[in-house]
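For reference, the structure discussed in these notes is given below.
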4 protein chains.
Amino acid sequence: MIVHLHTAVSEAQASQIAAQIQALYFHDGQRYVLVTGAKDNSLEGVDSRLLEGHWIMDSDIQLASRKYMPQKRTVRIGDGITIGGDTDHTMMITGPCSVESLEQIEVCAQLCVEQGVKMLRAGAYKPRTSPYSFQGMGLEGLRLLDRMREKYQLKVITEVRDATHVEDVIAFADVIQIGAKAMYDQGILRRCASAGKPVLLKRGFGATLQEFVQAAEFMLSGGNSDIVLCERGIRTFETKTRFTLDLCGVAYLKEFTNLPVILDPSHAMGYAYGVADLARACTAMGVDGLLIESHPNPKVAKSDASQQLDHAEFRALMQSLHPIAAAVGRKMI
Amino acid sequence: MIVHLHTAVSEAQASQIAAQIQALYFHDGQRYVLVTGAKDNSLEGVDSRLLEGHWIMDSDIQLASRKYMPQKRTVRIGDGITIGGDTDHTMMITGPCSVESLEQIEVCAQLCVEQGVKMLRAGAYKPRTSPYSFQGMGLEGLRLLDRMREKYQLKVITEVRDATHVEDVIAFADVIQIGAKAMYDQGILRRCASAGKPVLLKRGFGATLQEFVQAAEFMLSGGNSDIVLCERGIRTFETKTRFTLDLCGVAYLKEFTNLPVILDPSHAMGYAYGVADLARACTAMGVDGLLIESHPNPKVAKSDASQQLDHAEFRALMQSLHPIAAAVGRKMI
Amino acid sequence: MIVHLHTAVSEAQASQIAAQIQALYFHDGQRYVLVTGAKDNSLEGVDSRLLEGHWIMDSDIQLASRKYMPQKRTVRIGDGITIGGDTDHTMMITGPCSVESLEQIEVCAQLCVEQGVKMLRAGAYKPRTSPYSFQGMGLEGLRLLDRMREKYQLKVITEVRDATHVEDVIAFADVIQIGAKAMYDQGILRRCASAGKPVLLKRGFGATLQEFVQAAEFMLSGGNSDIVLCERGIRTFETKTRFTLDLCGVAYLKEFTNLPVILDPSHAMGYAYGVADLARACTAMGVDGLLIESHPNPKVAKSDASQQLDHAEFRALMQSLHPIAAAVGRKMI
Amino acid sequence: MIVHLHTAVSEAQASQIAAQIQALYFHDGQRYVLVTGAKDNSLEGVDSRLLEGHWIMDSDIQLASRKYMPQKRTVRIGDGITIGGDTDHTMMITGPCSVESLEQIEVCAQLCVEQGVKMLRAGAYKPRTSPYSFQGMGLEGLRLLDRMREKYQLKVITEVRDATHVEDVIAFADVIQIGAKAMYDQGILRRCASAGKPVLLKRGFGATLQEFVQAAEFMLSGGNSDIVLCERGIRTFETKTRFTLDLCGVAYLKEFTNLPVILDPSHAMGYAYGVADLARACTAMGVDGLLIESHPNPKVAKSDASQQLDHAEFRALMQSLHPIAAAVGRKMI
């Protein structure tokens with residue numbers, strides 16, 4: 001159940017009521033909001049004069065549900081850039097899998113500028129499954145991204161792999177990316193809830209849609225309303241492709257949740273040859289953004305070599321996306 | 001290995017060579033073609049003067065492989081209607097899940113005519129999982145479809161559920177649909193190989209892409225080259241949607257096989273609310289066709305009530321697909 | 001809903017009532033039994049004097065449910081051999097993947113005799129995924145199995161791959177095996193319902209437990225009560241093993257259905273090294289039987305070479321199973 | 001590649017060689033061991049007099065592979081208690097899902113003492129998917145477990161959910177459990193590598209066997225050789241049970257890795273009715289231990305109420321396991 005308290009209710013009062021009904025609470029900019037796990041009305045004993053309204057929800061998808069907030073949330077990145085809401089924008093985000101060097105990331109940043117892309121992606125901490133392969137440049141990678149932001153006025157999105165560097169990522173990123181393997185990490189989710197920055201939450205490849213949105217609830221109920229969902233492929237029995245991009249799931253998320261949705265066809269496919277086709281499919285679904293891995297020279301990439309587009313391929317892709325976005329009443333930015 | 005014999009080689013000779021190298025064989029319109037399971041050259045002892053060429057293939061995807069035939073196959077339905085090849089057409093196929101009555105199927109046929117759709121789909125034999133639910137109208141259903149063909153000059157596609165009625169479906173259909181649950185059925189595959197009619201082969205929802213294309217090989221190697229693949233969703237751990245439409249798999253099929261690909265987002269999604277979005281995504285991928293379930297009144301449908309579009313929804317969908325098809329250089333017919 | 005009519009009710013009357021309430025019906029040896037898809041009482045208008053009792057069921061698992069028949073069914077093979085019921089027997093069934101020759105199958109039959117195994121398994125029609133590999137000996141294979149039955153007094157179980165040979169398998173087998181890929185085939189299920197012989201129904205590797213038991217319902221509601229379920233592994237994301245043996249599912253089947261359950265660890269594992277360990281696990285679960293592939297010389301087997309035990313391995317396995325069966329109060333036969 | 005340096009080689013030298021060949025290194029009690037991601041010999045330039053031996057491995061399963069260390073590792077818990085190795089023990093570990101109160105955990109500890117169980121399990125930090133449900137008692141829970149250890153001389157195993165409390169769990173646990181949702185967390189894996197305590201690593205329910213063992217490699221290559229693998233069910237399309245216990249995977253782990261394997265049928269099944277049957281199956285596979293959730297009164301449990309055995313059920317289970325363990329040449333402790 002979600003409860004809106006009157007705007008005049010103080011934090012002390014909110015805190016007391018929250019304790020009374022075993023609720024989490026946060027201030028949404030206008031009033032204190034309480035959320036409990038109760039599936040029926042549990043407001044007995046609460047002074048009704050303090051209450052503005054309440055929603056009895058039928059699942060633990062609460063703040064993210066369109067039954068609570070029917071319109072899609074607008075996530076503000078800064079400098080007038082937004083994702084979702086009623087912008088009718090599909091935001092392109094591109095860059096390499098990993099920051100590898102100043103030269104490499106600078107070429108990537110220049111591609112963004114050339115193509116009108118506003119947000120640069122690259123990993124500094126890589127969630128590799130083997131301890132014996134490249135693990136990312138770490139803090140040095142974050143600093144290189146920072147230089148790109150300054151020099152080219154790009155927004156930077158980069159991934160939290162685990163809690164050891166969550167503070168560094170929060171400090172350096174414009175949008176914090178919580179990687180698929182960290183999606184269930186309550187420590188990271190709770191920390192990002194109070195980070196004061198937008199978060200792009202990737203779906204765990206073994207996570208149900210229910211669990212995915214519930215992970216977002218950890219942050220929404222901690223007071224961070226700037227959450228973007230990112231579908232990046234789920235693990236199925238099919239092995240010819242790396243993962244299976246779940247566009248049926250995206251249709252579900254668009255229908256039932258109020259969170260913007262961004263798609264990552266690069267990780268889903270795992271092979272560059274299919275990425276452009278999938279990106280076109282995603283664009284035609286009218287999603288709020290795309291995350292496309294591109295690299296000046298994928299063959300020598302230190303991670304995910306097989307799935308990154310080279311820059312010529314990326315330019316061709318961008319050109320093909322504009323008319324599709326237009327065909328569904330959107331604008332590719 | 002695929003072997004082309006010289007055009008002058010007789011069936012008797014072809015048959016003899018086939019026996020010698022343990023091959024299947026058929027005539028492809030120009031010459032006899034032999035196919036064996038051998039992954040290396042096994043032509044020792046065969047008179048080389050009878051041979052025109054051969055391809056050593058690295059998997060049991062042979063005749064369907066672009067390594068054998070690089071260009072996409074053209075499937076001829078009749079009356080100048082084709083699927084695939086270099087038509088740059090995306091063919092819409094629509095109609096109800098089941099034929100339920102003359103009145104119902106006639107309204108559906110009229111929708112096709114109105115919207116310029118050339119092919120009507122509907123099931124007469126329904127592969128239900130429960131013996132206690134509606135199993136289809138059977139032969140009477142086929143006869144109603146036949147009347148629609150005559151009256152409205154529509155092509156008819158309908159499903160073989162099992163072998164008990166395969167002859168009836170072959171007799172009545174313009175395109176024989178082999179349903180997902182029959183995809184592995186060698187009896188049906190072999191019968192359809194010699195049916196003299198095009199076949200739309202649906203992917204089993206538990207079948208790998210490898211197995212899916214191998215099922216097509218049963219028909220290609222039996223001499224039927226008019227095979228269309230249909231992805232209709234695979235079974236995964238996600239249960240909020242009925243199946244998961246595998247567009248990564250479609251990218252694979254487009255890249256590595258020479259067979260036209262049609263998509264069925266209705267069965268994948270299982271809910272009408274997501275079908276239009278998915279159909280738009282499929283169209284932007286540049287596939288060869290779409291199979292969309294529509295019904296004059298889905299609420300009273302005897303099967304798949306939740307996923308069928310009503311006719312107003314279908315009209316709106318069609319309108320939205322034309323500009324997307326145009327944006328990817330295709331035409332929706 | 002299941003309805004028992006009074007024992008005196010004639011077939012003509014049963015048929016009429018069935019038509020009235022849209023039910024399937026059969027005679028269970030004592031009375032006519034009607035089954036409908038209705039989830040509530042739909043007997044209005046039926047003369048209550050003709051009714052003996054009824055069960056309102058909450059799913060389409062009806063005749064197979066313990067809510068209808070609480071005790072486990074006894075399946076009679078003939079000559080006093082039974083599976084399930086209260087026998088507390090775990091029946092071993094073994095033999096090669098495919099009948100390959102008289103010599104091969106005879107050595108297998110002799111192994112059965114030596115080890116006290118009463119039932120010989122071997123396929124004559126192989127459901128291969130590639131048209132270019134060995135497809136089985138067909139009718140000749142059935143005849144070889146027939147000779148083994150005669151010569152060694154063994155019961156024979158062999159697989160229906162598709163409808164083209166269902167009559168032959170029915171004629172030659174003591175137990176008809178419906179293979180995993182044919183599990184959804186209503187034509188085969190309905191034919192086997194009236195075959196007058198026991199059926200071992202394998203779970204499709206992409207089939208839910210619900211669908212698996214519903215496939216059994218097709219036969220139970222057609223009057224064949226001698227149905228044994230066989231779990232043989234489901235397809236998951238894991239590829240180090242061929243399939244994943246679903247023992248959680250077996251626990252479900254034992255708890256909620258009244259059908260005997262046999263396990264096939266050979267196909268699940270796909271590699272001989274794990275079969276013995278899994279067979280021991282299955283035995284400790286107290287199941288009604290095991291299906292183990294064994295071959296005199298697996299290295300030269302024409303199908304499933306990697307997963308068949310050689311005869312020395314099979315003997316060692318049998319020896320290890322007896323004490324485990326005893327430890328759970330059963331007897332391995 | 002794994003490299004053993006001579007026992008006389010100092011850390012300074014080991015560190016230098018590791019840098020030279022881009023290796024991780026640790027001391028295994030006898031000598032420094034280096035591990036690199038190289039799949040071929042990359043020792044060029046290394047003084048061969050410093051080398052004792054090396055193993056060129058074909059995958060990133062290296063230290064855990066039987067190709068490196070053929071015998072199963074012995075994990076020492078303290079006080080003479082060991083898991084794995086050649087003990088032929090199957091170690092029972094039981095207790096409630098969550099510590100809920102002193103009274104509750106004390107009854108559980110007493111059950112352990114009564115049944116000869118040496119290790120008590122219970123969670124203090126619960127990895128719930130919803131922020132609105134019970135999240136565990138936290139540090140207070142750890143303190144209650146500590147009291148049980150002191151009072152009843154039990155070993156305690158409890159779970160790290162995320163990095164915020166990893167130090168507390170390391171301080172209080174005898175065996176650190178890394179939960180399924182944290183399996184990919186490199187921060188936690190690396191911290192536990194140097195924790196000086198044994199670790200039970202649960203398989204992520206969406207993780208392949210390859211990734212599972214690679215997660216263990218993070219700890220082995222960090223110098224912690226006391227790693228136990230725990231299979232607890234994977235996520236598949238089947239929803240009648242909570243997860244699917246992957247015993248085929250266990251057969252793989254036993255064959256190819258040198259790590260002890262413990263099974264958790266409680267989480268796999270998700271329902272108490274199937275746990276005893278599955279525990280018997282696991283025992284017959286000859287695994288190194290079992291993790292069984294039991295609770296004095298499951299109906300009122302604050303988490304996982306449906307799957308915990310009550311104490312009477314647990315006693316009956318233990319009694320049934322002893323003869324099965326004996327039948328496979330092991331002893332249940």
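Chains: A, B, ... in order of the structure tokens. Residues: from 1 per chain. Ligands: from 1, in order shown.
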Taking only residues of chain C that have an atom at most 7 Å from an atom of chain D, what is each one's shortest atom pair and its distance in Å to one decimal, using only C-alpha atoms, in chain and number order, as a Markdown table?
```
| residue | atom | partner | partner_atom | distance |
| --- | --- | --- | --- | --- |
| C:Thr208 | CA | D:Glu238 | CA | 5.7 |
| C:Thr236 | CA | D:Thr236 | CA | 5.9 |
| C:Glu238 | CA | D:Thr208 | CA | 5.7 |
| C:Thr241 | CA | D:Cys248 | CA | 6.5 |
| C:Thr244 | CA | D:Cys248 | CA | 5.9 |
| C:Leu245 | CA | D:Cys248 | CA | 6.4 |
| C:Asp246 | CA | D:Thr244 | CA | 6.1 |
| C:Leu247 | CA | D:Leu245 | CA | 6.8 |
| C:Cys248 | CA | D:Met269 | CA | 5.7 |
| C:Gly249 | CA | D:Thr241 | CA | 6.8 |
| C:Ala251 | CA | D:Gly274 | CA | 5.2 |
| C:Met269 | CA | D:Cys248 | CA | 5.7 |
| C:Gly274 | CA | D:Ala251 | CA | 5.2 |
| C:Asp277 | CA | D:Met285 | CA | 5.2 |
| C:Leu278 | CA | D:Met285 | CA | 6.6 |
| C:Arg280 | CA | D:Ala284 | CA | 5.6 |
| C:Ala281 | CA | D:Ala281 | CA | 3.9 |
| C:Cys282 | CA | D:Ala281 | CA | 6.0 |
| C:Ala284 | CA | D:Ala281 | CA | 5.0 |
| C:Met285 | CA | D:Asp277 | CA | 5.2 |
| C:Pro323 | CA | D:Ala327 | CA | 5.4 |
| C:Ile324 | CA | D:Ala327 | CA | 5.5 |
| C:Ala327 | CA | D:Pro323 | CA | 5.5 |
```
Could you turn the residues from that selection into a file that holds N, CA and C atoms, as a tab-separated table (two decimals), in the first residue's frame?
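To be explicit, this is the file written out as out37.tsv:
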```tsv
chain	number	residue	atom	x	y	z
C	208	THR	N	5.74	-28.18	-19.88
C	208	THR	CA	5.52	-28.02	-18.44
C	208	THR	C	4.92	-29.30	-17.86
C	236	THR	N	17.20	-26.52	-20.56
C	236	THR	CA	17.43	-25.29	-19.79
C	236	THR	C	18.60	-24.56	-20.42
C	238	GLU	N	21.53	-24.55	-19.33
C	238	GLU	CA	22.80	-25.24	-19.07
C	238	GLU	C	23.16	-26.16	-20.23
C	241	THR	N	25.60	-30.32	-19.79
C	241	THR	CA	24.89	-31.60	-19.86
C	241	THR	C	23.81	-31.46	-20.92
C	244	THR	N	18.39	-31.31	-18.39
C	244	THR	CA	18.42	-31.21	-16.93
C	244	THR	C	17.32	-32.10	-16.37
C	245	LEU	N	17.72	-33.16	-15.67
C	245	LEU	CA	16.72	-34.08	-15.11
C	245	LEU	C	15.93	-33.33	-14.03
C	246	ASP	N	14.62	-33.33	-14.15
C	246	ASP	CA	13.80	-32.49	-13.26
C	246	ASP	C	13.23	-33.32	-12.11
C	247	LEU	N	14.05	-33.53	-11.09
C	247	LEU	CA	13.57	-34.32	-9.96
C	247	LEU	C	12.62	-33.53	-9.07
C	248	CYS	N	12.71	-32.21	-9.08
C	248	CYS	CA	11.68	-31.42	-8.39
C	248	CYS	C	10.32	-31.71	-9.04
C	249	GLY	N	10.32	-31.78	-10.36
C	249	GLY	CA	9.09	-32.10	-11.07
C	249	GLY	C	8.59	-33.49	-10.71
C	251	ALA	N	8.99	-34.96	-7.86
C	251	ALA	CA	8.36	-34.83	-6.54
C	251	ALA	C	6.93	-34.29	-6.69
C	269	MET	N	21.15	-36.75	-18.95
C	269	MET	CA	22.58	-36.45	-18.77
C	269	MET	C	23.28	-36.31	-20.12
C	274	GLY	N	27.80	-39.69	-15.95
C	274	GLY	CA	26.90	-39.26	-14.89
C	274	GLY	C	25.69	-40.15	-14.68
C	277	ASP	N	25.34	-42.28	-11.21
C	277	ASP	CA	25.03	-41.43	-10.07
C	277	ASP	C	23.57	-40.97	-10.09
C	278	LEU	N	23.11	-40.58	-11.25
C	278	LEU	CA	21.72	-40.12	-11.36
C	278	LEU	C	20.74	-41.26	-11.15
C	280	ARG	N	21.17	-43.76	-9.26
C	280	ARG	CA	21.09	-43.98	-7.81
C	280	ARG	C	20.20	-42.93	-7.15
C	281	ALA	N	20.33	-41.69	-7.59
C	281	ALA	CA	19.48	-40.62	-7.03
C	281	ALA	C	18.00	-40.93	-7.28
C	282	CYS	N	17.70	-41.34	-8.51
C	282	CYS	CA	16.30	-41.64	-8.85
C	282	CYS	C	15.76	-42.78	-7.99
C	284	ALA	N	16.65	-43.67	-5.05
C	284	ALA	CA	16.41	-43.22	-3.67
C	284	ALA	C	15.14	-42.38	-3.56
C	285	MET	N	14.66	-41.84	-4.67
C	285	MET	CA	13.40	-41.10	-4.63
C	285	MET	C	12.20	-42.04	-4.61
C	323	PRO	N	20.90	-52.17	-2.90
C	323	PRO	CA	20.85	-51.69	-1.51
C	323	PRO	C	20.15	-50.35	-1.35
C	324	ILE	N	20.22	-49.50	-2.35
C	324	ILE	CA	19.52	-48.20	-2.25
C	324	ILE	C	18.02	-48.43	-2.28
C	327	ALA	N	17.00	-49.58	0.95
C	327	ALA	CA	17.04	-48.53	1.98
C	327	ALA	C	15.79	-47.67	1.97
```
Name the residues of range 44-287 of chain D that come out as helix (DSSP H, G or I) in a backbone DSSP run; write them as a PyMOL selection string.
chain D and resi 48-50+102-115+139-152+163-172+180-182+186-193+209-220+247-256+265-269+272-284
Find the distance between CA of Lys39 in chain C and CA of Tyr68 in chain C and write it in Å to one decimal.
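Computing it gives 13.9 Å between the two atoms.
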Residues within 12 Å of Lys302 in chain A, only C-alpha atoms, excluding chain neighbours under 6 positions, as a ChimeraX atom specification
/A:96-101,104,123-124,126,128,133-137,295,308
Considering only C-alpha atoms, return as a PDB file with C-alpha atoms, in the first residue's frame whatever protein or nucleic-acid residues lie within 7 Å of Asp40 in chain A, sequence-local ones (same chain, fewer than 2 positions apart) excluded.
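Once everything was written out, this is out_14.pdb:
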```
ATOM      1  CA  ALA A  38       0.390  -4.808   3.084  1.00  0.00           C
ATOM      2  CA  SER A  42      -3.626  -1.143   7.224  1.00  0.00           C
ATOM      3  CA  ILE A  56      -3.961  -0.462  -2.152  1.00  0.00           C
TER       4      ILE A  56
END
```
Would you work out the distance separating CA of Lys331 in chain A from CA of Cys230 in chain A, expressed in Å to one decimal?
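Atom-to-atom, CA of Lys331 in chain A to CA of Cys230 in chain A, that is 19.2 Å.
Between CA of Ala193 in chain C and CA of Val166 in chain C the separation is 12.1 Å.
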For each of C:Ile21, C:Leu201, C:Leu154, C:Val3, take the minimum atom-to-atom distance to Leu111 in chain C, counting only C-alpha atoms, then give the residue where this is smallest.
C:Leu154
I'd like the contact shell of Asp288 in chain B - 8 Å cut-off, only C-alpha atoms, skipping same-chain residues fewer than 5 positions apart - returned as a VMD selection string.
chain B and resid 83 to 84 88 to 91 260 to 262
DSSP-assigned strand (DSSP E) members of range 39-188 of chain C, reported as a ChimeraX atom specification
/C:51-55,74-78,81-84,89-95,119-121,155-160,175-178
Skip Ile292 in chain A itself and residues of its chain fewer than 2 positions away, then list as a PyMOL selection string all residues within 9 Å of it, counting only C-alpha atoms.
chain A and resi 92-96+121+263-267+275+279+290+294+308-309+314
